[in-house]
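This is coords_5.pdb (PDB, C-alpha atoms and all ligand atoms).
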MODEL        1
ATOM      1  CA  MET A   1      -1.834 -28.341   2.030  1.00  0.00           C
ATOM      2  CA  LYS A   2      -1.176 -28.198   5.783  1.00  0.00           C
ATOM      3  CA  MET A   3       1.154 -31.191   5.640  1.00  0.00           C
ATOM      4  CA  ALA A   4       3.152 -29.616   2.840  1.00  0.00           C
ATOM      5  CA  ARG A   5       3.461 -26.344   4.713  1.00  0.00           C
ATOM      6  CA  LYS A   6       4.924 -28.059   7.760  1.00  0.00           C
ATOM      7  CA  THR A   7       7.835 -29.363   5.704  1.00  0.00           C
ATOM      8  CA  GLU A   8       8.836 -25.900   4.498  1.00  0.00           C
ATOM      9  CA  ASN A   9      12.047 -24.670   6.039  1.00  0.00           C
ATOM     10  CA  THR A  10      12.005 -21.742   8.424  1.00  0.00           C
ATOM     11  CA  THR A  11      13.870 -19.400   6.063  1.00  0.00           C
ATOM     12  CA  ALA A  12      11.151 -19.703   3.442  1.00  0.00           C
ATOM     13  CA  SER A  13       8.454 -19.162   6.087  1.00  0.00           C
ATOM     14  CA  SER A  14      10.041 -16.037   7.493  1.00  0.00           C
ATOM     15  CA  SER A  15      10.596 -14.503   4.078  1.00  0.00           C
ATOM     16  CA  ALA A  16       6.944 -15.236   3.299  1.00  0.00           C
ATOM     17  CA  LEU A  17       6.064 -13.427   6.529  1.00  0.00           C
ATOM     18  CA  LEU A  18       8.238 -10.481   5.535  1.00  0.00           C
ATOM     19  CA  VAL A  19       6.581 -10.275   2.125  1.00  0.00           C
ATOM     20  CA  GLY A  20       3.189 -10.455   3.856  1.00  0.00           C
ATOM     21  CA  ALA A  21       4.109  -7.652   6.223  1.00  0.00           C
ATOM     22  CA  PHE A  22       5.368  -5.530   3.337  1.00  0.00           C
ATOM     23  CA  VAL A  23       2.164  -6.044   1.334  1.00  0.00           C
ATOM     24  CA  PHE A  24       0.132  -5.129   4.427  1.00  0.00           C
ATOM     25  CA  LEU A  25       2.145  -1.933   4.950  1.00  0.00           C
ATOM     26  CA  LEU A  26       1.818  -1.022   1.288  1.00  0.00           C
ATOM     27  CA  CYS A  27      -1.953  -1.499   1.427  1.00  0.00           C
ATOM     28  CA  SER A  28      -2.235   0.636   4.561  1.00  0.00           C
ATOM     29  CA  PHE A  29      -0.128   3.325   2.921  1.00  0.00           C
ATOM     30  CA  LEU A  30      -2.274   3.294  -0.229  1.00  0.00           C
ATOM     31  CA  LEU A  31      -5.473   3.466   1.833  1.00  0.00           C
ATOM     32  CA  ALA A  32      -4.156   6.334   3.930  1.00  0.00           C
ATOM     33  CA  THR A  33      -2.956   8.369   0.953  1.00  0.00           C
ATOM     34  CA  SER A  34      -6.116   7.751  -1.050  1.00  0.00           C
ATOM     35  CA  THR A  35      -8.273   9.683   1.415  1.00  0.00           C
ATOM     36  CA  THR A  36      -7.110  13.117   0.254  1.00  0.00           C
ATOM     37  CA  ALA A  37      -7.700  14.642  -3.175  1.00  0.00           C
ATOM     38  CA  ALA A  38      -4.650  14.589  -5.402  1.00  0.00           C
ATOM     39  CA  LYS A  39      -3.215  17.173  -7.773  1.00  0.00           C
ATOM     40  CA  ILE A  40      -2.184  15.419 -10.931  1.00  0.00           C
ATOM     41  CA  ASN A  41       0.123  17.012 -13.457  1.00  0.00           C
ATOM     42  CA  VAL A  42      -1.265  16.240 -16.904  1.00  0.00           C
ATOM     43  CA  GLY A  43       1.513  14.637 -18.952  1.00  0.00           C
ATOM     44  CA  GLY A  44       3.723  14.135 -15.907  1.00  0.00           C
ATOM     45  CA  SER A  45       7.068  15.930 -16.221  1.00  0.00           C
ATOM     46  CA  LEU A  46       6.334  16.730 -19.897  1.00  0.00           C
ATOM     47  CA  ASN A  47       3.276  18.864 -19.033  1.00  0.00           C
ATOM     48  CA  TRP A  48       0.682  19.756 -21.705  1.00  0.00           C
ATOM     49  CA  THR A  49       2.566  19.629 -24.980  1.00  0.00           C
ATOM     50  CA  PHE A  50       2.330  18.721 -28.658  1.00  0.00           C
ATOM     51  CA  GLY A  51       3.047  15.084 -29.590  1.00  0.00           C
ATOM     52  CA  PHE A  52       2.799  13.334 -26.228  1.00  0.00           C
ATOM     53  CA  ASN A  53       0.271  10.487 -26.115  1.00  0.00           C
ATOM     54  CA  TYR A  54      -2.266  11.708 -23.530  1.00  0.00           C
ATOM     55  CA  THR A  55      -4.639   8.818 -24.183  1.00  0.00           C
ATOM     56  CA  ASP A  56      -1.878   6.509 -23.062  1.00  0.00           C
ATOM     57  CA  TRP A  57      -0.969   8.806 -20.163  1.00  0.00           C
ATOM     58  CA  ALA A  58      -4.588   8.826 -18.927  1.00  0.00           C
ATOM     59  CA  LEU A  59      -4.801   5.031 -19.134  1.00  0.00           C
ATOM     60  CA  LYS A  60      -1.607   4.623 -17.147  1.00  0.00           C
ATOM     61  CA  SER A  61      -2.522   7.320 -14.617  1.00  0.00           C
ATOM     62  CA  ALA A  62      -5.928   5.832 -13.768  1.00  0.00           C
ATOM     63  CA  PRO A  63      -7.769   5.619 -11.463  1.00  0.00           C
ATOM     64  CA  PHE A  64      -8.715   9.252 -10.952  1.00  0.00           C
ATOM     65  CA  PHE A  65     -10.940  10.110  -7.998  1.00  0.00           C
ATOM     66  CA  VAL A  66     -13.759  12.600  -7.545  1.00  0.00           C
ATOM     67  CA  ASN A  67     -12.292  15.929  -6.355  1.00  0.00           C
ATOM     68  CA  ASP A  68      -8.834  15.183  -7.746  1.00  0.00           C
ATOM     69  CA  SER A  69      -7.429  18.150  -9.658  1.00  0.00           C
ATOM     70  CA  LEU A  70      -5.753  18.045 -13.028  1.00  0.00           C
ATOM     71  CA  MET A  71      -2.958  20.580 -13.511  1.00  0.00           C
ATOM     72  CA  PHE A  72      -2.408  21.702 -17.093  1.00  0.00           C
ATOM     73  CA  LYS A  73       0.961  23.404 -17.523  1.00  0.00           C
ATOM     74  CA  TYR A  74       1.949  25.055 -20.786  1.00  0.00           C
ATOM     75  CA  ASP A  75       3.982  28.093 -21.700  1.00  0.00           C
ATOM     76  CA  PRO A  76       2.241  31.144 -23.130  1.00  0.00           C
ATOM     77  CA  PRO A  77       2.811  31.550 -26.862  1.00  0.00           C
ATOM     78  CA  ASN A  78       5.689  33.611 -28.221  1.00  0.00           C
ATOM     79  CA  SER A  79       7.533  33.744 -31.531  1.00  0.00           C
ATOM     80  CA  THR A  80       9.149  30.333 -30.952  1.00  0.00           C
ATOM     81  CA  THR A  81       6.631  28.267 -28.976  1.00  0.00           C
ATOM     82  CA  HIS A  82       3.224  26.843 -29.877  1.00  0.00           C
ATOM     83  CA  ALA A  83       0.149  28.128 -28.116  1.00  0.00           C
ATOM     84  CA  HIS A  84      -1.889  25.560 -26.190  1.00  0.00           C
ATOM     85  CA  SER A  85      -5.249  25.663 -24.506  1.00  0.00           C
ATOM     86  CA  VAL A  86      -7.706  23.363 -22.739  1.00  0.00           C
ATOM     87  CA  TYR A  87     -11.222  22.691 -24.013  1.00  0.00           C
ATOM     88  CA  LEU A  88     -13.903  20.358 -22.727  1.00  0.00           C
ATOM     89  CA  LEU A  89     -15.865  18.376 -25.287  1.00  0.00           C
ATOM     90  CA  LYS A  90     -19.376  17.002 -24.879  1.00  0.00           C
ATOM     91  CA  ASP A  91     -18.893  13.375 -25.891  1.00  0.00           C
ATOM     92  CA  SER A  92     -16.512  10.669 -27.046  1.00  0.00           C
ATOM     93  CA  ARG A  93     -17.581  11.160 -30.659  1.00  0.00           C
ATOM     94  CA  SER A  94     -16.256  14.736 -30.639  1.00  0.00           C
ATOM     95  CA  LEU A  95     -13.097  13.498 -28.952  1.00  0.00           C
ATOM     96  CA  LEU A  96     -12.546  10.868 -31.629  1.00  0.00           C
ATOM     97  CA  ALA A  97     -13.124  13.399 -34.405  1.00  0.00           C
ATOM     98  CA  CYS A  98     -11.357  16.308 -32.631  1.00  0.00           C
ATOM     99  CA  ASP A  99     -14.555  18.236 -33.293  1.00  0.00           C
ATOM    100  CA  LEU A 100     -14.450  21.504 -31.357  1.00  0.00           C
ATOM    101  CA  ARG A 101     -17.801  22.880 -32.500  1.00  0.00           C
ATOM    102  CA  LYS A 102     -19.571  22.312 -29.166  1.00  0.00           C
ATOM    103  CA  ALA A 103     -16.467  22.680 -27.033  1.00  0.00           C
ATOM    104  CA  THR A 104     -16.276  24.899 -23.988  1.00  0.00           C
ATOM    105  CA  LEU A 105     -13.098  26.725 -23.073  1.00  0.00           C
ATOM    106  CA  ALA A 106     -11.586  25.581 -19.792  1.00  0.00           C
ATOM    107  CA  GLY A 107      -8.140  27.191 -19.962  1.00  0.00           C
ATOM    108  CA  ASN A 108      -7.028  29.822 -22.473  1.00  0.00           C
ATOM    109  CA  VAL A 109      -3.552  30.163 -24.021  1.00  0.00           C
ATOM    110  CA  THR A 110      -2.090  32.064 -21.079  1.00  0.00           C
ATOM    111  CA  GLN A 111      -3.690  30.172 -18.190  1.00  0.00           C
ATOM    112  CA  GLY A 112      -1.208  27.278 -18.259  1.00  0.00           C
ATOM    113  CA  THR A 113       1.680  29.534 -17.262  1.00  0.00           C
ATOM    114  CA  GLY A 114       3.772  28.684 -14.200  1.00  0.00           C
ATOM    115  CA  GLU A 115       1.953  26.372 -11.816  1.00  0.00           C
ATOM    116  CA  GLY A 116      -0.650  25.937 -14.515  1.00  0.00           C
ATOM    117  CA  PHE A 117      -4.343  25.828 -14.835  1.00  0.00           C
ATOM    118  CA  GLU A 118      -6.197  23.654 -12.331  1.00  0.00           C
ATOM    119  CA  PHE A 119      -9.323  21.712 -13.184  1.00  0.00           C
ATOM    120  CA  THR A 120     -11.131  19.808 -10.414  1.00  0.00           C
ATOM    121  CA  LEU A 121     -12.978  16.617 -11.348  1.00  0.00           C
ATOM    122  CA  ARG A 122     -16.103  17.333  -9.323  1.00  0.00           C
ATOM    123  CA  LYS A 123     -18.435  14.700 -10.696  1.00  0.00           C
ATOM    124  CA  ARG A 124     -18.554  11.015 -11.456  1.00  0.00           C
ATOM    125  CA  LYS A 125     -18.859  11.445 -15.201  1.00  0.00           C
ATOM    126  CA  ASN A 126     -16.746  11.321 -18.336  1.00  0.00           C
ATOM    127  CA  TYR A 127     -14.610  14.372 -19.008  1.00  0.00           C
ATOM    128  CA  PHE A 128     -13.212  14.896 -22.492  1.00  0.00           C
ATOM    129  CA  PHE A 129     -10.186  17.194 -22.678  1.00  0.00           C
ATOM    130  CA  VAL A 130      -8.457  18.515 -25.780  1.00  0.00           C
ATOM    131  CA  CYS A 131      -6.100  21.261 -26.831  1.00  0.00           C
ATOM    132  CA  GLY A 132      -8.120  23.610 -29.030  1.00  0.00           C
ATOM    133  CA  GLU A 133      -5.283  25.095 -31.026  1.00  0.00           C
ATOM    134  CA  LEU A 134      -5.111  25.140 -34.839  1.00  0.00           C
ATOM    135  CA  ALA A 135      -8.722  24.013 -35.265  1.00  0.00           C
ATOM    136  CA  GLY A 136      -8.149  20.546 -33.852  1.00  0.00           C
ATOM    137  CA  PHE A 137      -4.673  19.914 -35.273  1.00  0.00           C
ATOM    138  CA  HIS A 138      -3.095  19.778 -31.805  1.00  0.00           C
ATOM    139  CA  CYS A 139      -5.859  17.368 -30.820  1.00  0.00           C
ATOM    140  CA  SER A 140      -5.449  15.023 -33.786  1.00  0.00           C
ATOM    141  CA  ALA A 141      -1.830  15.240 -34.971  1.00  0.00           C
ATOM    142  CA  GLY A 142      -0.527  16.426 -31.610  1.00  0.00           C
ATOM    143  CA  LEU A 143      -2.366  13.703 -29.628  1.00  0.00           C
ATOM    144  CA  MET A 144      -3.478  16.363 -27.137  1.00  0.00           C
ATOM    145  CA  ARG A 145      -6.706  14.664 -26.126  1.00  0.00           C
ATOM    146  CA  PHE A 146      -7.884  12.285 -23.442  1.00  0.00           C
ATOM    147  CA  SER A 147     -10.858  11.335 -21.342  1.00  0.00           C
ATOM    148  CA  VAL A 148     -11.099  10.524 -17.656  1.00  0.00           C
ATOM    149  CA  ARG A 149     -13.898   9.234 -15.481  1.00  0.00           C
ATOM    150  CA  PRO A 150     -13.229   9.827 -11.800  1.00  0.00           C
ATOM    151  CA  ILE A 151     -14.469   7.163  -9.414  1.00  0.00           C
ATOM    152  CA  LYS A 152     -15.712   7.541  -5.877  1.00  0.00           C
ATOM    153  CA  ARG A 153     -12.984   7.388  -3.289  1.00  0.00           C
ATOM    154  CA  ARG A 154     -13.242   4.650  -0.712  1.00  0.00           C
ATOM    155  CA  ARG A 155     -13.540   6.014   2.783  1.00  0.00           C
ATOM    156  CA  GLY A 156     -10.445   5.224   4.869  1.00  0.00           C
TER     157      GLY A 156
HETATM  158  C1  LIG A 201       6.674  21.666 -16.784  1.00  0.00           C
HETATM  159  O1  LIG A 201       6.214  22.777 -16.018  1.00  0.00           O
HETATM  160  C2  LIG A 201       7.052  23.128 -14.945  1.00  0.00           C
HETATM  161  C3  LIG A 201       6.368  24.217 -14.157  1.00  0.00           C
HETATM  162  O2  LIG A 201       5.988  25.289 -14.997  1.00  0.00           O
HETATM  163  C4  LIG A 201       8.423  23.549 -15.492  1.00  0.00           C
HETATM  164  O3  LIG A 201       9.288  23.855 -14.422  1.00  0.00           O
HETATM  165  C5  LIG A 201       9.006  22.417 -16.324  1.00  0.00           C
HETATM  166  O4  LIG A 201      10.221  22.828 -16.905  1.00  0.00           O
HETATM  167  C6  LIG A 201       8.030  22.011 -17.407  1.00  0.00           C
HETATM  168  N1  LIG A 201       8.538  20.863 -18.129  1.00  0.00           N
HETATM  169  C7  LIG A 201       8.790  20.877 -19.420  1.00  0.00           C
HETATM  170  C8  LIG A 201       9.293  19.596 -20.023  1.00  0.00           C
HETATM  171  O5  LIG A 201       8.626  21.878 -20.101  1.00  0.00           O
HETATM  172  C1  LIG A 202      -1.560   6.260 -27.901  1.00  0.00           C
HETATM  173  O1  LIG A 202      -1.791   5.368 -26.847  1.00  0.00           O
HETATM  174  C2  LIG A 202      -2.936   4.547 -27.025  1.00  0.00           C
HETATM  175  C3  LIG A 202      -3.184   3.783 -25.740  1.00  0.00           C
HETATM  176  O2  LIG A 202      -2.021   3.163 -25.275  1.00  0.00           O
HETATM  177  C4  LIG A 202      -2.721   3.662 -28.232  1.00  0.00           C
HETATM  178  O3  LIG A 202      -3.844   2.847 -28.426  1.00  0.00           O
HETATM  179  C5  LIG A 202      -2.488   4.541 -29.453  1.00  0.00           C
HETATM  180  O4  LIG A 202      -2.169   3.738 -30.575  1.00  0.00           O
HETATM  181  C6  LIG A 202      -1.349   5.520 -29.203  1.00  0.00           C
HETATM  182  N1  LIG A 202      -1.298   6.466 -30.314  1.00  0.00           N
HETATM  183  C7  LIG A 202      -0.186   6.721 -30.989  1.00  0.00           C
HETATM  184  C8  LIG A 202      -0.317   7.670 -32.116  1.00  0.00           C
HETATM  185  O5  LIG A 202       0.882   6.214 -30.698  1.00  0.00           O
HETATM  186  C1  LIG A 203     -15.844  16.845  -3.135  1.00  0.00           C
HETATM  187  O1  LIG A 203     -15.658  18.114  -2.532  1.00  0.00           O
HETATM  188  C2  LIG A 203     -16.875  18.732  -2.166  1.00  0.00           C
HETATM  189  C3  LIG A 203     -16.592  20.158  -1.703  1.00  0.00           C
HETATM  190  O2  LIG A 203     -15.254  20.387  -1.430  1.00  0.00           O
HETATM  191  C4  LIG A 203     -17.548  17.896  -1.091  1.00  0.00           C
HETATM  192  O3  LIG A 203     -18.764  18.469  -0.710  1.00  0.00           O
HETATM  193  C5  LIG A 203     -17.814  16.496  -1.633  1.00  0.00           C
HETATM  194  O4  LIG A 203     -18.340  15.666  -0.633  1.00  0.00           O
HETATM  195  C6  LIG A 203     -16.532  15.881  -2.177  1.00  0.00           C
HETATM  196  N1  LIG A 203     -16.879  14.631  -2.851  1.00  0.00           N
HETATM  197  C7  LIG A 203     -16.200  13.507  -2.661  1.00  0.00           C
HETATM  198  C8  LIG A 203     -16.719  12.291  -3.395  1.00  0.00           C
HETATM  199  O5  LIG A 203     -15.214  13.429  -1.954  1.00  0.00           O
HETATM  200  C1  LIG A 204       9.508  31.528 -25.778  1.00  0.00           C
HETATM  201  O1  LIG A 204       9.116  30.746 -24.651  1.00  0.00           O
HETATM  202  C2  LIG A 204      10.017  29.690 -24.370  1.00  0.00           C
HETATM  203  C3  LIG A 204       9.395  28.844 -23.264  1.00  0.00           C
HETATM  204  O2  LIG A 204       8.859  29.624 -22.241  1.00  0.00           O
HETATM  205  C4  LIG A 204      11.357  30.260 -23.978  1.00  0.00           C
HETATM  206  O3  LIG A 204      12.281  29.219 -23.689  1.00  0.00           O
HETATM  207  C5  LIG A 204      11.884  31.110 -25.135  1.00  0.00           C
HETATM  208  O4  LIG A 204      13.071  31.747 -24.756  1.00  0.00           O
HETATM  209  C6  LIG A 204      10.862  32.173 -25.542  1.00  0.00           C
HETATM  210  N1  LIG A 204      11.309  32.825 -26.746  1.00  0.00           N
HETATM  211  C7  LIG A 204      11.215  34.130 -26.930  1.00  0.00           C
HETATM  212  C8  LIG A 204      11.671  34.644 -28.260  1.00  0.00           C
HETATM  213  O5  LIG A 204      10.770  34.882 -26.073  1.00  0.00           O
HETATM  214  C1  LIG A 205      -7.087  34.171 -20.206  1.00  0.00           C
HETATM  215  O1  LIG A 205      -7.880  34.157 -19.040  1.00  0.00           O
HETATM  216  C2  LIG A 205      -7.399  35.009 -18.017  1.00  0.00           C
HETATM  217  C3  LIG A 205      -8.212  34.754 -16.761  1.00  0.00           C
HETATM  218  O2  LIG A 205      -9.582  34.721 -17.036  1.00  0.00           O
HETATM  219  C4  LIG A 205      -7.462  36.458 -18.513  1.00  0.00           C
HETATM  220  O3  LIG A 205      -6.975  37.325 -17.530  1.00  0.00           O
HETATM  221  C5  LIG A 205      -6.620  36.578 -19.781  1.00  0.00           C
HETATM  222  O4  LIG A 205      -6.732  37.874 -20.319  1.00  0.00           O
HETATM  223  C6  LIG A 205      -7.036  35.568 -20.822  1.00  0.00           C
HETATM  224  N1  LIG A 205      -6.059  35.584 -21.899  1.00  0.00           N
HETATM  225  C7  LIG A 205      -6.403  35.536 -23.181  1.00  0.00           C
HETATM  226  C8  LIG A 205      -5.280  35.520 -24.161  1.00  0.00           C
HETATM  227  O5  LIG A 205      -7.576  35.481 -23.537  1.00  0.00           O
HETATM  228 CU    CU A 206      -1.745  22.416 -28.090  1.00  0.00          CU
ENDMDL
END

Please go through the file and, once you have read it, give me the structure as structure tokens.
Ligand SMILES: *[C@@H]1O[C@H](CO)[C@@H](O)[C@H](O)[C@H]1NC(C)=O
Ligand SMILES: *[C@@H]1O[C@H](CO)[C@@H](O)[C@H](O)[C@H]1NC(C)=O
Ligand SMILES: *[C@@H]1O[C@H](CO)[C@@H](O)[C@H](O)[C@H]1NC(C)=O
Ligand SMILES: *[C@@H]1O[C@H](CO)[C@@H](O)[C@H](O)[C@H]1NC(C)=O
Ligand SMILES: *[C@@H]1O[C@H](CO)[C@@H](O)[C@H](O)[C@H]1NC(C)=O
Ligand SMILES: [Cu+2]
Amino acid sequence: MKMARKTENTTASSSALLVGAFVFLLCSFLLATSTTAAKINVGGSLNWTFGFNYTDWALKSAPFFVNDSLMFKYDPPNSTTHAHSVYLLKDSRSLLACDLRKATLAGNVTQGTGEGFEFTLRKRKNYFFVCGELAGFHCSAGLMRFSVRPIKRRRG
């Protein structure tokens, strides 16, 4: 290995150094930014809406950390827009079935207005979120359901 390295030309070595330095900077940046709780907009720029795949969004937005806040933004209902809400379910079985029988209300139909409704992930446990509108129809057909499990933040 050492012999082979010596034969590398200097251009290749310096670009390897540059890449190394970049990776180091990136890691430092990630460590530094991961020490403060984040506010995460559920659904990204699409907010909390019918038909967006929140299971997929949650997978791609992981990891979530303890004390991060989820922002749920949705317009209050009127004659032309759907009402939305935020409910917490007890387990993954209810999430799979969109069963709201043991659900607890987290955000009602008007609480998502403007900057939205903020939910802080206080504990290291599974959270199951759904939209409670139309008796589970927004949850099932509208894909408005997801689970997150925040992890402990590494100390910087
Ligand atoms: C998401 O919510 C923000 C803040 O209420 C709003 O400005 C934006 O237009 C919303 N996005 C969509 C796609 O409705
Ligand atoms: C939503 O996303 C998940 C995870 O990527 C995927 O397994 C599922 O099939 C998607 N659902 C729909 C209806 O596209
Ligand atoms: C979360 O915040 C609470 C109060 O703001 C604090 O006591 C606790 O240590 C924090 N937990 C973590 C894992 O950062
Ligand atoms: C209903 O709300 C939407 C979104 O906030 C808005 O664009 C629309 O103009 C409203 N419609 C009526 C009839 O108020
Ligand atoms: C939603 O909750 C807020 C804050 O608790 C309350 O002021 C409002 O009246 C509720 N709206 C509905 C439609 O229940
Ligand atoms: Cu909904």

The PyMOL selection byres (((chain A and resi 50) around 8) and not hetatm) on the file shown: which residues, as a PyMOL selection string?
chain A and resi 48-49+51-52+138+142-144

What lies within 10 Å of Leu100 (chain A) using only C-alpha atoms, ignoring chain neighbours under 3 positions off, as a compact mmCIF listing (two decimals) with C-alpha atoms, in the frame of the given file?
# COMPACT_ATOMS: atom_id res chain seq x y z
CA TYR A 87 -11.22 22.69 -24.01
CA LEU A 88 -13.90 20.36 -22.73
CA LEU A 89 -15.86 18.38 -25.29
CA LYS A 90 -19.38 17.00 -24.88
CA SER A 94 -16.26 14.74 -30.64
CA LEU A 95 -13.10 13.50 -28.95
CA ALA A 97 -13.12 13.40 -34.40
CA ALA A 103 -16.47 22.68 -27.03
CA THR A 104 -16.28 24.90 -23.99
CA LEU A 105 -13.10 26.72 -23.07
CA VAL A 130 -8.46 18.52 -25.78
CA CYS A 131 -6.10 21.26 -26.83
CA GLY A 132 -8.12 23.61 -29.03
CA GLU A 133 -5.28 25.10 -31.03
CA ALA A 135 -8.72 24.01 -35.26
CA GLY A 136 -8.15 20.55 -33.85
CA CYS A 139 -5.86 17.37 -30.82

Of the residues A:His82, A:Arg101, A:Thr120, A:Ile151, which is the one nearest to ligand CU 206 (chain A), using all atoms listed in the file?
A:His82

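Matched in the shown structure by the PyMOL selection byres (((chain A and resi 74) around 8) and not hetatm): Asn47, Trp48, Thr49, Phe72, Lys73, Asp75, Pro76, His84, Gly112, Thr113, Gly114 and Gly116 of chain A.
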
Emit the selected residues as a PDB file, in the frame of the given file, including C-alpha atoms.
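Below is the file part.pdb, written as the result:
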ATOM      1  CA  ASN A  47       3.276  18.864 -19.033  1.00  0.00           C
ATOM      2  CA  TRP A  48       0.682  19.756 -21.705  1.00  0.00           C
ATOM      3  CA  THR A  49       2.566  19.629 -24.980  1.00  0.00           C
ATOM      4  CA  PHE A  72      -2.408  21.702 -17.093  1.00  0.00           C
ATOM      5  CA  LYS A  73       0.961  23.404 -17.523  1.00  0.00           C
ATOM      6  CA  ASP A  75       3.982  28.093 -21.700  1.00  0.00           C
ATOM      7  CA  PRO A  76       2.241  31.144 -23.130  1.00  0.00           C
ATOM      8  CA  HIS A  84      -1.889  25.560 -26.190  1.00  0.00           C
ATOM      9  CA  GLY A 112      -1.208  27.278 -18.259  1.00  0.00           C
ATOM     10  CA  THR A 113       1.680  29.534 -17.262  1.00  0.00           C
ATOM     11  CA  GLY A 114       3.772  28.684 -14.200  1.00  0.00           C
ATOM     12  CA  GLY A 116      -0.650  25.937 -14.515  1.00  0.00           C
TER      13      GLY A 116
END

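Taking atom O3 of ligand LIG 204 (chain A) and CA of Leu70 (chain A) as the two end points, the separation is 23.7 Å.
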
Could you list, with a cut-off of 7 Å and counting all atoms listed in the file, the residues of chain A near ligand LIG 203 (chain A), each shown with its nearest atom pair and the distance in Å rounded to one decimal, rows sorted by chain and ascending number, as CSV?
residue,atom,partner,partner_atom,distance
A:Val66,CA,A:LIG203,C8,5.1
A:Asn67,CA,A:LIG203,C1,4.9
A:Arg122,CA,A:LIG203,C1,6.2
A:Lys152,CA,A:LIG203,C8,5.5
A:Arg153,CA,A:LIG203,C8,6.2

Residues near Phe146 (chain A), anyone? I mean within 7 Å using all atoms listed in the file, not counting same-chain ones fewer than 2 positions away, as a short mmCIF file (atom, residue, chain, number, x, y, z; two decimals) with C-alpha atoms, in the coordinates of the input.
data_model
loop_
_atom_site.label_atom_id
_atom_site.label_comp_id
_atom_site.auth_asym_id
_atom_site.auth_seq_id
_atom_site.Cartn_x
_atom_site.Cartn_y
_atom_site.Cartn_z
CA TYR A 54 -2.27 11.71 -23.53
CA THR A 55 -4.64 8.82 -24.18
CA ALA A 58 -4.59 8.83 -18.93
CA PHE A 128 -13.21 14.90 -22.49
CA PHE A 129 -10.19 17.19 -22.68
CA VAL A 130 -8.46 18.52 -25.78
CA VAL A 148 -11.10 10.52 -17.66
#

Kindly give the distance, in Å, that separates atom O5 of ligand LIG 204 (chain A) and CA of Thr110 (chain A), rounded to a single decimal.
14.1 Å

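Take atom C4 of ligand LIG 204 (chain A) and CA of Phe137 (chain A): the distance between them is 22.2 Å.
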
Can you tell me, as JSON, the centre and edge lengths (Å, one decimal) of the axis-aligned box enclosing all of ligand LIG 204 (chain A)'s listed atoms after padding each side by 8 Å?
{"center_x": 11.0, "center_y": 31.9, "center_z": -25.3, "size_x": 20.2, "size_y": 22.0, "size_z": 22.0}

Can you tell me which residues surround Leu96 (chain A) at a distance of at most 9 Å, considering only C-alpha atoms, apart from same-chain residues fewer than 5 positions away, and format the answer as number ranges by chain?
A: 91, 140, 145

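Between Gly107 (chain A) and the residues A:Ala62, A:Val86, A:Trp57, A:Asp68, the shortest atom-to-atom distance, using all atoms listed in the file, involves A:Val86.
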
Kindly extract all protein, DNA and RNA residues lying within 8 Å of the coordinates (-3.9, 17.4, -8.1) given in the file, considering all atoms listed in the file, and supply them as a PyMOL selection string.
chain A and resi 37-41+68-71+118+120

Here's the selection I'm unsure about, the PyMOL selection byres (((not hetatm)) within 8 of (chain A and resi 204)); applied to the file above, which residues does it give, as a VMD selection string?
chain A and resid 75 to 81

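The nearest approach to ligand LIG 202 (chain A) among the residues A:Gln111, A:Phe64, A:Arg154, A:Ser147, with all atoms listed in the file taken into account, belongs to A:Ser147.
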
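The nearest approach to ligand LIG 205 (chain A) among the residues A:Phe117, A:Leu134, A:Thr36, A:Gly43, with all atoms listed in the file taken into account, belongs to A:Phe117.
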
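Take the candidates A:Lys102, A:Asn108, A:Pro150, A:Ser45 and check each one against ligand LIG 205 (chain A) using all atoms listed in the file; the shortest distance goes to A:Asn108.
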
As a PDB file, in the coordinates of the input, could you write out region 129-138 of chain A once it has been completed with N, CA and C atoms?
ATOM      1  N   PHE A 129     -11.073  16.033 -22.573  1.00  0.00           N
ATOM      2  CA  PHE A 129     -10.186  17.194 -22.678  1.00  0.00           C
ATOM      3  C   PHE A 129      -9.417  17.193 -23.998  1.00  0.00           C
ATOM      4  N   VAL A 130      -9.308  18.374 -24.598  1.00  0.00           N
ATOM      5  CA  VAL A 130      -8.457  18.515 -25.780  1.00  0.00           C
ATOM      6  C   VAL A 130      -7.759  19.871 -25.761  1.00  0.00           C
ATOM      7  N   CYS A 131      -6.694  19.960 -26.549  1.00  0.00           N
ATOM      8  CA  CYS A 131      -6.100  21.261 -26.831  1.00  0.00           C
ATOM      9  C   CYS A 131      -6.877  21.797 -28.021  1.00  0.00           C
ATOM     10  N   GLY A 132      -7.273  23.058 -27.971  1.00  0.00           N
ATOM     11  CA  GLY A 132      -8.120  23.610 -29.030  1.00  0.00           C
ATOM     12  C   GLY A 132      -7.367  24.317 -30.138  1.00  0.00           C
ATOM     13  N   GLU A 133      -6.037  24.279 -30.070  1.00  0.00           N
ATOM     14  CA  GLU A 133      -5.283  25.095 -31.026  1.00  0.00           C
ATOM     15  C   GLU A 133      -5.257  24.523 -32.438  1.00  0.00           C
ATOM     16  N   LEU A 134      -5.154  25.433 -33.397  1.00  0.00           N
ATOM     17  CA  LEU A 134      -5.111  25.140 -34.839  1.00  0.00           C
ATOM     18  C   LEU A 134      -6.288  24.269 -35.280  1.00  0.00           C
ATOM     19  N   ALA A 135      -7.464  24.650 -34.842  1.00  0.00           N
ATOM     20  CA  ALA A 135      -8.722  24.013 -35.265  1.00  0.00           C
ATOM     21  C   ALA A 135      -8.729  22.495 -35.146  1.00  0.00           C
ATOM     22  N   GLY A 136      -8.117  21.990 -34.084  1.00  0.00           N
ATOM     23  CA  GLY A 136      -8.149  20.546 -33.852  1.00  0.00           C
ATOM     24  C   GLY A 136      -6.878  19.825 -34.259  1.00  0.00           C
ATOM     25  N   PHE A 137      -5.927  20.540 -34.840  1.00  0.00           N
ATOM     26  CA  PHE A 137      -4.673  19.914 -35.273  1.00  0.00           C
ATOM     27  C   PHE A 137      -3.849  19.438 -34.078  1.00  0.00           C
ATOM     28  N   HIS A 138      -3.818  20.214 -33.010  1.00  0.00           N
ATOM     29  CA  HIS A 138      -3.095  19.778 -31.805  1.00  0.00           C
ATOM     30  C   HIS A 138      -3.773  18.559 -31.185  1.00  0.00           C
TER      31      HIS A 138
END
